[in-house]
>>> print(open('final-v8.cif').read())   # mmCIF, C-alpha atoms
data_protein
#
loop_
_atom_site.label_atom_id
_atom_site.label_comp_id
_atom_site.auth_asym_id
_atom_site.auth_seq_id
_atom_site.Cartn_x
_atom_site.Cartn_y
_atom_site.Cartn_z
CA MET M 852 14.06 3.15 27.20
CA SER M 853 14.46 6.00 24.78
CA ILE M 854 15.61 4.87 21.35
CA PRO M 855 17.80 7.32 19.46
CA PHE M 856 16.43 8.23 16.07
CA GLU M 857 16.53 10.93 13.44
CA GLU M 858 13.81 11.69 10.93
CA LEU M 859 15.30 11.59 7.46
CA GLU M 860 15.08 14.22 4.79
CA GLY M 861 11.95 14.06 2.67
CA SER M 862 9.86 12.89 5.60
CA PRO M 863 6.95 13.12 6.23
CA ARG M 864 4.84 12.80 3.13
CA PHE M 865 1.06 12.74 2.96
CA GLU M 866 -1.46 11.38 0.51
CA VAL M 867 -5.08 12.31 0.95
CA ARG M 868 -7.29 9.78 -0.83
CA ASP M 869 -11.02 9.49 -1.09
CA ASP M 870 -11.15 6.68 1.47
CA GLU M 871 -8.19 7.37 3.74
CA THR M 872 -5.20 9.53 4.43
CA VAL M 873 -1.76 7.99 4.23
CA ALA M 874 1.33 9.48 5.81
CA VAL M 875 4.85 8.13 5.36
CA ARG M 876 7.70 8.95 7.71
CA THR M 877 11.26 7.68 7.45
CA PHE M 878 13.65 7.36 10.36
CA MET M 879 17.25 6.46 10.92
CA VAL M 880 17.72 4.21 13.97
CA PRO M 881 20.51 1.95 15.19
CA TRP M 882 20.32 -1.38 13.42
CA THR M 883 19.89 -3.53 16.50
CA LEU M 884 17.19 -1.29 17.95
CA TRP M 885 14.74 -1.18 15.07
CA PRO M 886 12.46 -3.88 16.57
CA LYS M 887 12.03 -1.84 19.75
CA PHE M 888 11.52 1.30 17.72
CA GLY M 889 8.88 -0.53 15.69
CA ARG M 890 7.06 -1.58 18.82
CA GLN M 891 7.14 1.99 20.02
CA LEU M 892 5.51 3.12 16.80
CA LEU M 893 2.90 0.38 16.77
CA GLY M 894 2.00 0.38 20.45
CA GLN M 895 1.61 -2.77 22.43
CA TYR M 896 0.19 -4.44 25.46
CA GLU M 897 2.37 -5.63 28.29
CA ILE M 898 1.22 -8.02 30.96
CA ARG M 899 2.06 -6.60 34.36
CA GLY M 900 0.81 -8.35 37.45
CA GLY M 901 -1.51 -10.45 35.36
CA GLN M 902 -3.18 -7.39 33.84
CA TYR M 903 -2.89 -5.99 30.35
CA HIS M 904 -1.14 -2.66 30.40
CA PHE M 905 -1.55 -0.57 27.31
CA VAL M 906 1.49 1.14 25.85
CA PRO M 907 -0.01 3.54 23.31
CA PRO M 908 1.30 3.76 19.76
CA THR M 909 3.27 6.81 18.80
CA GLY M 910 0.83 9.03 17.01
CA LEU M 911 1.41 11.55 14.29
CA ASP M 912 1.33 15.01 15.75
CA GLY M 913 -1.73 16.88 14.54
CA PHE M 914 -3.34 13.78 13.05
CA PRO M 915 -4.70 11.69 15.91
CA HIS M 916 -6.74 9.49 13.58
CA LEU M 917 -3.65 8.18 11.80
CA LEU M 918 -1.96 5.07 13.15
CA VAL M 919 1.05 3.15 11.96
CA SER M 920 -0.17 0.20 9.96
CA GLU M 921 3.00 -0.92 8.20
CA LEU M 922 6.73 -0.78 8.76
CA ILE M 923 9.45 -1.25 6.18
CA VAL M 924 12.94 -1.77 7.51
CA GLU M 925 16.07 -1.72 5.37
CA PRO M 926 19.68 -0.74 5.79
CA LEU M 927 20.23 2.99 5.54
CA ASP M 928 23.25 2.23 3.39
CA PRO M 929 22.58 -1.22 1.97
CA ARG M 930 25.98 -1.30 0.27
CA SER M 931 27.84 -1.18 3.56
CA PRO M 932 27.34 -4.11 5.89
CA SER M 933 29.85 -3.73 8.68
CA GLY M 934 31.22 -7.23 8.18
CA ALA M 935 32.87 -6.96 11.58
CA VAL M 936 31.86 -10.47 12.63
CA PRO M 937 31.74 -12.87 9.70
CA LEU M 938 28.63 -15.04 9.70
CA THR M 939 29.33 -18.73 9.93
CA THR M 940 25.86 -20.18 10.40
CA VAL M 941 22.85 -19.04 8.39
CA GLY M 942 20.60 -19.53 11.40
CA ARG M 943 22.62 -17.32 13.70
CA GLY M 944 23.05 -13.60 13.20
CA THR M 945 22.49 -11.41 10.19
CA ASN M 946 24.35 -8.60 8.57
CA ASP M 947 24.89 -5.60 10.77
CA TYR M 948 24.96 -2.08 9.42
CA THR M 949 27.12 0.56 10.98
CA TRP M 950 24.90 3.36 9.80
CA GLY M 951 21.79 1.70 11.03
CA ALA M 952 18.35 1.05 9.70
CA LYS M 953 16.02 3.12 7.62
CA VAL M 954 12.58 2.56 9.09
CA THR M 955 9.67 3.62 6.93
CA ALA M 956 6.46 3.96 8.91
CA ILE M 957 3.24 4.08 6.95
CA TYR M 958 0.36 5.67 8.83
CA ARG M 959 -3.19 5.13 7.69
CA THR M 960 -6.58 6.36 8.73
CA ARG M 961 -7.89 3.59 10.89
CA PHE M 962 -10.75 5.18 12.78
CA ASP M 963 -12.49 8.44 13.24
CA GLU M 964 -11.89 9.90 16.63
CA GLN M 965 -14.41 8.69 19.20
CA ASN M 966 -16.34 7.18 16.30
CA ALA M 967 -18.23 10.43 16.09
CA SER M 968 -19.88 9.54 12.83
CA ARG M 969 -21.03 6.09 13.99
CA THR M 970 -22.38 6.42 17.47
CA LYS M 971 -23.53 3.74 19.89
CA LEU M 972 -20.66 1.38 19.17
CA PRO M 973 -19.64 -0.79 22.11
CA THR M 974 -16.87 0.50 24.34
CA VAL M 975 -13.56 -1.31 23.94
CA PRO M 976 -10.42 -1.23 26.09
CA GLN M 977 -8.00 1.62 25.59
CA GLY M 978 -5.58 1.08 22.75
CA THR M 979 -7.94 -1.03 20.73
CA TYR M 980 -10.51 0.39 18.40
CA LEU M 981 -13.59 -0.63 16.51
CA THR M 982 -14.52 -0.01 12.93
CA PHE M 983 -18.00 -0.44 11.55
CA ARG M 984 -19.00 -1.78 8.18
CA ALA M 985 -22.50 -2.53 6.98
CA ASP M 986 -23.88 -4.56 4.13
CA VAL M 987 -27.28 -5.52 2.82
CA ALA M 988 -29.08 -8.72 3.69
CA ALA M 989 -32.58 -10.09 3.41
CA GLU M 990 -34.83 -12.79 4.82
CA TYR M 991 -37.24 -14.63 2.57
CA ALA M 992 -40.27 -16.41 3.98
CA ALA M 993 -42.98 -18.21 2.02
CA THR M 994 -46.41 -17.91 3.59
CA PRO M 995 -49.29 -20.34 3.13
CA GLY M 996 -52.02 -19.18 0.78
CA ARG M 997 -54.63 -19.51 3.47
CA THR M 998 -53.06 -16.53 5.20
CA TRP M 999 -54.20 -14.18 2.50
CA ARG M 1000 -57.22 -12.96 0.63
CA TRP M 1001 -57.27 -11.39 -2.77
CA ASN M 1002 -57.88 -7.70 -2.28
CA ALA M 1003 -60.72 -7.78 -4.81
CA PRO M 1004 -64.10 -6.51 -3.77
CA PRO M 1005 -66.80 -7.29 -3.29
CA ASP M 1006 -66.19 -10.78 -1.93
CA TYR M 1007 -62.42 -10.79 -1.36
CA PRO M 1008 -61.85 -14.45 -2.25
CA ALA M 1009 -59.31 -16.56 -0.36
CA VAL M 1010 -55.95 -17.20 -1.94
CA ALA M 1011 -55.73 -20.82 -2.97
CA PRO M 1012 -53.62 -23.05 -0.65
CA ASP M 1013 -51.21 -23.93 -3.45
CA VAL M 1014 -50.29 -20.28 -3.90
CA GLN M 1015 -47.60 -19.33 -1.42
CA PRO M 1016 -46.91 -15.60 -1.45
CA GLY M 1017 -43.32 -14.92 -0.41
CA LEU M 1018 -42.14 -12.15 1.84
CA LEU M 1019 -38.69 -10.68 1.30
CA ARG M 1020 -37.73 -8.72 4.35
CA PRO M 1021 -34.72 -6.42 3.97
CA GLN M 1022 -32.27 -6.75 6.80
CA SER M 1023 -28.85 -5.49 7.66
CA LEU M 1024 -25.61 -7.38 7.93
CA PHE M 1025 -22.98 -5.45 9.80
CA HIS M 1026 -19.43 -6.07 10.93
CA LEU M 1027 -17.67 -4.68 13.94
CA THR M 1028 -13.94 -5.10 13.49
CA TRP M 1029 -11.98 -4.90 16.70
CA HIS M 1030 -8.36 -3.99 16.03
CA ARG M 1031 -5.19 -4.59 18.02
CA VAL M 1032 -6.65 -7.06 20.45
CA PRO M 1033 -4.01 -8.73 22.61
CA MET M 1034 -6.25 -11.55 23.78
CA PRO M 1035 -9.55 -12.19 22.01
CA PRO M 1036 -12.42 -13.42 24.19
CA TRP M 1037 -12.46 -16.91 22.74
CA ASP M 1038 -14.94 -18.29 25.27
CA ALA M 1039 -17.38 -15.44 24.81
CA MET M 1040 -17.23 -15.79 21.04
CA ARG M 1041 -18.08 -19.46 21.31
CA ALA M 1042 -20.81 -18.96 23.89
CA LEU M 1043 -22.55 -16.07 22.18
CA ARG M 1044 -22.55 -17.34 18.62
CA GLY M 1045 -26.16 -17.77 17.50
CA LYS M 1046 -27.62 -15.61 20.25
CA VAL M 1047 -29.53 -12.37 20.01
CA ASN M 1048 -28.99 -9.19 21.92
CA ALA M 1049 -30.62 -9.02 25.33
CA SER M 1050 -30.40 -5.24 25.40
CA GLU M 1051 -30.01 -2.46 22.86
CA PHE M 1052 -26.94 -3.10 20.73
CA VAL M 1053 -25.44 -0.61 18.26
CA GLY M 1054 -28.76 1.20 18.41
CA SER M 1055 -30.85 -1.87 17.65
CA PRO M 1056 -33.63 -2.95 20.00
CA PRO M 1057 -33.34 -6.13 22.08
CA GLY M 1058 -33.84 -9.34 20.15
CA THR M 1059 -33.11 -7.86 16.74
CA VAL M 1060 -29.37 -8.53 16.36
CA LEU M 1061 -28.07 -12.06 15.86
CA PHE M 1062 -24.39 -12.74 16.48
CA LEU M 1063 -23.19 -14.82 13.54
CA GLY M 1064 -19.59 -15.34 14.66
CA ALA M 1065 -16.13 -13.94 14.15
CA LYS M 1066 -13.26 -13.97 11.71
CA VAL M 1067 -9.99 -13.69 13.59
CA ARG M 1068 -6.52 -13.14 12.26
CA ARG M 1069 -3.16 -12.02 13.57
CA GLU M 1070 -1.75 -8.54 13.33
CA PHE M 1071 1.88 -7.43 13.58
CA LEU M 1072 3.67 -10.72 13.87
CA PHE M 1073 7.17 -9.36 13.54
CA LEU M 1074 7.91 -10.01 17.19
CA ALA M 1075 6.85 -13.15 18.96
CA SER M 1076 6.18 -11.35 22.20
CA ASP M 1077 3.55 -8.86 21.14
CA PRO M 1078 0.86 -10.59 19.17
CA PHE M 1079 -2.20 -8.67 18.24
CA TRP M 1080 -5.37 -10.00 16.76
CA ARG M 1081 -7.93 -8.50 14.48
CA VAL M 1082 -11.40 -9.75 15.34
CA GLU M 1083 -14.16 -9.19 12.85
CA TYR M 1084 -17.58 -9.82 14.37
CA ALA M 1085 -20.52 -10.38 12.05
CA PHE M 1086 -24.07 -9.54 13.09
CA GLN M 1087 -27.34 -9.72 11.26
CA GLU M 1088 -30.12 -7.35 12.16
CA ASN M 1089 -33.72 -8.42 11.73
CA VAL M 1090 -36.26 -5.77 12.69
CA LYS M 1091 -40.02 -6.18 12.43
CA GLU M 1092 -42.17 -3.21 13.20
CA LEU M 1093 -45.29 -3.75 15.26
CA GLU M 1094 -48.52 -1.88 14.79
CA THR M 1095 -47.85 -0.19 18.12
CA GLY M 1096 -44.56 1.15 16.79
CA GLY M 1097 -42.47 -1.29 18.78
CA LYS M 1098 -39.71 -3.30 17.15
CA VAL M 1099 -39.12 -6.98 17.50
CA GLY M 1100 -36.70 -9.36 15.85
CA TRP M 1101 -35.51 -12.90 15.40
CA ASN M 1102 -37.93 -14.65 17.76
CA HIS M 1103 -41.08 -13.15 16.26
CA TRP M 1104 -42.84 -14.84 13.40
CA TYR M 1105 -45.73 -13.93 11.17
CA ARG M 1106 -49.03 -15.28 12.50
CA GLU M 1107 -52.04 -15.61 10.26
CA THR M 1108 -54.35 -14.45 12.96
CA ALA M 1109 -53.34 -11.31 14.76
CA VAL M 1110 -52.87 -11.33 18.52
CA SER M 1111 -53.89 -8.01 20.05
CA GLY M 1112 -53.73 -6.56 16.58
CA GLU M 1113 -50.18 -7.76 15.92
CA HIS M 1114 -49.27 -10.34 13.30
CA TRP M 1115 -45.61 -10.53 14.45
CA VAL M 1116 -45.81 -12.79 17.46
CA ALA M 1117 -43.06 -14.40 19.49
CA ILE M 1118 -42.72 -18.16 19.22
CA ALA M 1119 -41.34 -20.62 21.75
CA ASP M 1120 -41.02 -24.36 22.25
CA GLU M 1121 -43.01 -26.39 24.73
CA ASP M 1122 -40.63 -25.36 27.49
CA GLY M 1123 -41.08 -21.70 26.63
CA ASN M 1124 -37.69 -21.34 24.98
CA PRO M 1125 -37.48 -19.00 21.99
CA PRO M 1126 -35.59 -20.15 18.87
CA TYR M 1127 -32.78 -17.74 19.67
CA ALA M 1128 -31.57 -17.33 23.24
CA SER M 1129 -30.72 -13.80 24.21
CA ALA M 1130 -27.49 -12.71 25.83
CA ASP M 1131 -25.41 -9.74 26.81
CA PHE M 1132 -22.94 -9.01 23.98
CA SER M 1133 -20.56 -6.89 26.04
CA PRO M 1134 -18.18 -9.83 26.79
CA LEU M 1135 -17.36 -9.83 23.07
CA PHE M 1136 -15.57 -6.54 23.62
CA SER M 1137 -13.54 -7.40 26.71
CA PHE M 1138 -10.18 -9.13 26.64
CA GLY M 1139 -10.19 -12.87 27.16
CA THR M 1140 -8.07 -14.71 29.63
CA MET E 834 62.74 15.71 6.48
CA ALA E 835 63.11 12.47 4.52
CA LEU E 836 61.50 12.69 1.15
CA LEU E 837 60.85 9.48 -0.65
CA VAL E 838 61.81 9.20 -4.27
CA GLY E 839 60.26 6.70 -6.61
CA ASP E 840 63.37 5.37 -8.24
CA ASN E 841 63.10 2.03 -6.49
CA GLY E 842 59.38 1.62 -7.02
CA LYS E 843 58.46 -1.86 -8.12
CA VAL E 844 55.38 -4.02 -8.61
CA PHE E 845 55.10 -7.68 -7.68
CA SER E 846 52.24 -9.92 -8.62
CA GLY E 847 52.33 -12.55 -5.94
CA ASN E 848 55.99 -13.33 -5.59
CA THR E 849 56.84 -12.48 -9.18
CA GLU E 850 58.20 -9.10 -10.02
CA VAL E 851 56.64 -7.39 -13.01
CA ALA E 852 59.63 -6.51 -15.09
CA ASP E 853 60.74 -3.01 -15.95
CA ILE E 854 58.12 -0.98 -14.16
CA THR E 855 58.20 2.67 -15.16
CA SER E 856 55.45 4.02 -12.87
CA TRP E 857 52.54 2.96 -10.72
CA THR E 858 49.61 4.69 -9.04
CA PHE E 859 47.26 3.62 -6.30
CA GLU E 860 44.17 5.71 -5.48
CA THR E 861 41.96 4.84 -2.53
CA SER E 862 38.52 6.19 -1.73
CA VAL E 863 35.58 5.72 0.57
CA GLY E 864 31.95 5.51 -0.62
CA GLY E 865 28.87 6.88 1.03
CA PHE E 866 26.38 9.63 0.56
CA SER E 867 25.28 12.87 2.13
CA PHE E 868 21.92 13.43 3.71
CA SER E 869 20.17 15.60 6.24
CA THR E 870 17.84 14.82 9.08
CA SER E 871 15.79 16.36 11.82
CA HIS E 872 19.04 16.78 13.75
CA THR E 873 21.41 18.33 11.22
CA LYS E 874 20.26 21.96 11.54
CA GLY E 875 20.49 22.81 7.88
CA TYR E 876 23.77 21.02 7.26
CA THR E 877 24.40 17.62 5.78
CA ARG E 878 25.71 14.48 7.35
CA ARG E 879 27.94 12.07 5.55
CA ILE E 880 27.63 8.35 5.66
CA LEU E 881 30.95 6.64 5.20
CA GLY E 882 30.58 3.65 2.96
CA ASN E 883 33.06 1.02 1.96
CA LYS E 884 36.71 1.63 1.17
CA SER E 885 37.96 0.73 -2.23
CA GLY E 886 40.94 1.44 -4.40
CA ARG E 887 42.09 1.34 -7.95
CA GLY E 888 45.33 2.07 -9.73
CA LYS E 889 47.57 1.30 -12.63
CA PHE E 890 51.15 0.53 -13.44
CA THR E 891 53.13 0.97 -16.61
CA PHE E 892 56.02 -1.09 -17.81
CA ARG E 893 58.32 -1.74 -20.70
CA VAL E 894 58.03 -5.13 -22.34
CA ASP E 895 61.01 -7.35 -21.67
CA THR E 896 60.94 -10.57 -23.64
CA ASN E 897 63.06 -12.28 -21.02
CA GLU E 898 60.33 -11.71 -18.48
CA PRO E 899 57.21 -11.13 -20.59
CA PRO E 900 54.40 -9.50 -18.66
CA TRP E 901 51.72 -11.70 -20.24
CA GLU E 902 53.16 -14.59 -18.27
CA VAL E 903 52.31 -12.77 -15.05
CA LEU E 904 49.35 -10.57 -15.89
CA TYR E 905 46.04 -11.09 -17.64
CA GLU E 906 42.72 -9.37 -17.41
CA GLY E 907 40.61 -10.93 -14.66
CA CYS E 908 43.71 -12.12 -12.83
CA GLN E 909 43.12 -12.22 -9.08
CA THR E 910 46.38 -11.57 -7.33
CA THR E 911 48.02 -9.78 -4.48
CA LEU E 912 49.98 -6.86 -5.77
CA LYS E 913 52.92 -5.61 -3.85
CA LEU E 914 53.34 -1.95 -4.74
CA LYS E 915 56.77 -1.03 -3.53
CA LEU E 916 57.56 2.56 -2.62
CA ASP E 917 61.18 1.68 -2.01
CA SER E 918 63.16 -1.36 -0.99
CA THR E 919 61.29 -1.85 2.29
CA ARG E 920 57.97 -0.02 2.19
CA TYR E 921 55.04 -1.32 0.17
CA TYR E 922 51.29 -1.62 -0.14
CA SER E 923 49.98 -5.15 -0.18
CA VAL E 924 46.85 -5.03 -2.30
CA PRO E 925 44.53 -7.95 -3.09
CA ALA E 926 43.42 -6.92 -6.54
CA VAL E 927 41.86 -7.90 -9.81
CA ILE E 928 43.57 -6.88 -13.00
CA GLU E 929 40.93 -5.08 -15.03
CA THR E 930 42.67 -4.05 -18.20
CA LEU E 931 45.91 -4.56 -19.98
CA LYS E 932 47.11 -2.28 -22.73
CA PHE E 933 50.18 -2.48 -24.96
CA GLU E 934 51.44 0.38 -27.02
CA VAL E 935 53.75 -0.13 -29.99
CA ASP E 936 55.36 2.92 -31.57
CA THR E 937 56.91 2.03 -34.91
CA SER E 938 59.08 5.12 -35.21
CA GLY E 939 62.40 5.92 -33.65
CA GLY E 940 63.23 2.71 -31.83
CA LYS E 941 60.96 3.35 -28.91
CA PRO E 942 60.32 0.41 -26.57
CA ILE E 943 57.00 -1.34 -26.46
CA VAL E 944 55.21 -0.24 -23.34
CA GLY E 945 52.26 -1.62 -21.47
CA GLU E 946 49.78 -0.52 -18.87
CA ALA E 947 47.71 -2.57 -16.44
CA THR E 948 44.82 -1.23 -14.38
CA PHE E 949 43.51 -2.93 -11.27
CA VAL E 950 40.81 -2.61 -8.65
CA THR E 951 41.09 -3.72 -5.08
CA ASP E 952 39.48 -6.94 -3.90
CA ARG E 953 39.05 -6.83 -0.08
CA ALA E 954 41.27 -5.02 2.41
CA TRP E 955 44.80 -3.90 1.65
CA THR E 956 47.61 -3.09 4.02
CA GLU E 957 49.49 0.15 4.19
CA PRO E 958 53.27 0.51 4.17
CA SER E 959 54.65 0.00 7.65
#
>>> encode(input="final-v8.cif", output="structure tokens")
Amino acid sequence: MSIPFEELEGSPRFEVRDDETVAVRTFMVPWTLWPKFGRQLLGQYEIRGGQYHFVPPTGLDGFPHLLVSELIVEPLDPRSPSGAVPLTTVGRGTNDYTWGAKVTAIYRTRFDEQNASRTKLPTVPQGTYLTFRADVAAEYAATPGRTWRWNAPPDYPAVAPDVQPGLLRPQSLFHLTWHRVPMPPWDAMRALRGKVNASEFVGSPPGTVLFLGAKVRREFLFLASDPFWRVEYAFQENVKELETGGKVGWNHWYRETAVSGEHWVAIADEDGNPPYASADFSPLFSFGT
Amino acid sequence: MALLVGDNGKVFSGNTEVADITSWTFETSVGGFSFSTSHTKGYTRRILGNKSGRGKFTFRVDTNEPPWEVLYEGCQTTLKLKLDSTRYYSVPAVIETLKFEVDTSGGKPIVGEATFVTDRAWTEPS
């Protein structure tokens, strides 16, 4: 259904900031139709035949990276409620405005097209998008003194057992925020928490990325029928370089005595299980059921 | 052609006639504002806002029917503004101001003026 609208004078306006571009457009739409107009601007998912069908948001011509992030709705002429049908119950009906609603749509930079500047992100369903954010992290491990010798010729004495040199290993904590998700993969989030990547993930070798969990919150709650979610996945990357140039991660530990020239050696329990099970992370980026 | 003359113009506040009316006015207007859009092709559109009205009436003070017994500022009343013996505006109104003018020379009568603004919808003469 096409919703009649007019773009009001003074619209659009742009602000280019150091971290985003903001565009503001104002529209005049019939009062009773502003919710549908809002959905058109925001985009939505519809369930048809049990499948999610993406209805894309209305973009801003010439600026494909800008998406509507906020809507402000007010009467175009707030001084003139029609008053045609007096309200008798607070819970039923609201003022109606003959001249309709003024809908202010605020567009913000939400992603860079195709994530060109941050490659190797997981693929997500059409209409949703991922943003990447990284932070610093570190792992500290105390090692027994017997592991080391003082690098003091000629006799290179052993480090005393009560001296425990610590190793601070820089790591990376990164977040993949998945926006506009109609149905988060709750089961996958639960099942994969605490596991490491079985295959390369966001450019990191297998076994080096630990899935810490997710923060989830709602987006665009103005209509009950089109809930979106914002899912923020947290991962911690732990990369140890081998002498051969290979890279290993969470299941490798420092061994006093090298094995085949490598001090970073995988550990496992008596049944051969590593501390961190590995798994395919792709279900984290598919809709749940 | 049947021109109306104002000789029989009167003002009632509720059911009480305001004595010795010499003139009255009633001016109505509609609010709103002009604007343009993507559809107006260089012209402006006009939003019609709410209707409102204001007016005034003048009178001579008659001590037998003193106006201060009928009118006071802030008085909410329905004014009947009669054009002639049968036609009138019925105007829910609030009296905004009252003014009395005393001229001490030449035996002129004391005159008064009341201004009012509309309060809700009025009806036109039938």
>>> residues_around(input="final-v8.cif", residues="Phe878 of chain M", least_positions_apart="3", cutoff="9 Å", atoms="all atoms listed in the file", output="JSON, numbers by chain")
{"M": [856, 857, 858, 859, 860, 862, 952, 953, 954, 955, 956], "E": [870]}
>>> residues_around(input="final-v8.cif", residues="Gly945 of chain E", least_positions_apart="4", cutoff="12 Å", atoms="only C-alpha atoms", output="NGL selection string")
:E and (851-857 or 889-895 or 899-901 or 904-905 or 930-936)
>>> residues_near_point(input="final-v8.cif", point="(-44.5, -7.8, 16.7)", cutoff="10 Å", atoms="all atoms listed in the file", output="VMD selection string")
chain M and resid 1090 to 1100 1102 to 1106 1109 to 1117
>>> residues_around(input="final-v8.cif", residues="Ser920 of chain M", least_positions_apart="2", cutoff="7 Å", atoms="only C-alpha atoms", output="list of chain:residue names")
M:Leu918, M:Ile957, M:Tyr958, M:Arg959
>>> atom_distance(input="final-v8.cif", atom1="atom CA of Val1082 of chain M", atom2="atom CA of Ala1039 of chain M")
12.6 Å
>>> interface_residues(input="final-v8.cif", of="chain M", to="chain E", cutoff="12 Å", atoms="only C-alpha atoms", output="JSON, numbers by chain")
{"M": [855, 856, 857, 858, 859, 860, 861, 862, 863, 876, 877, 878, 879, 880, 927, 928, 929, 930, 931, 932, 933, 934, 948, 949, 950, 951, 953]}
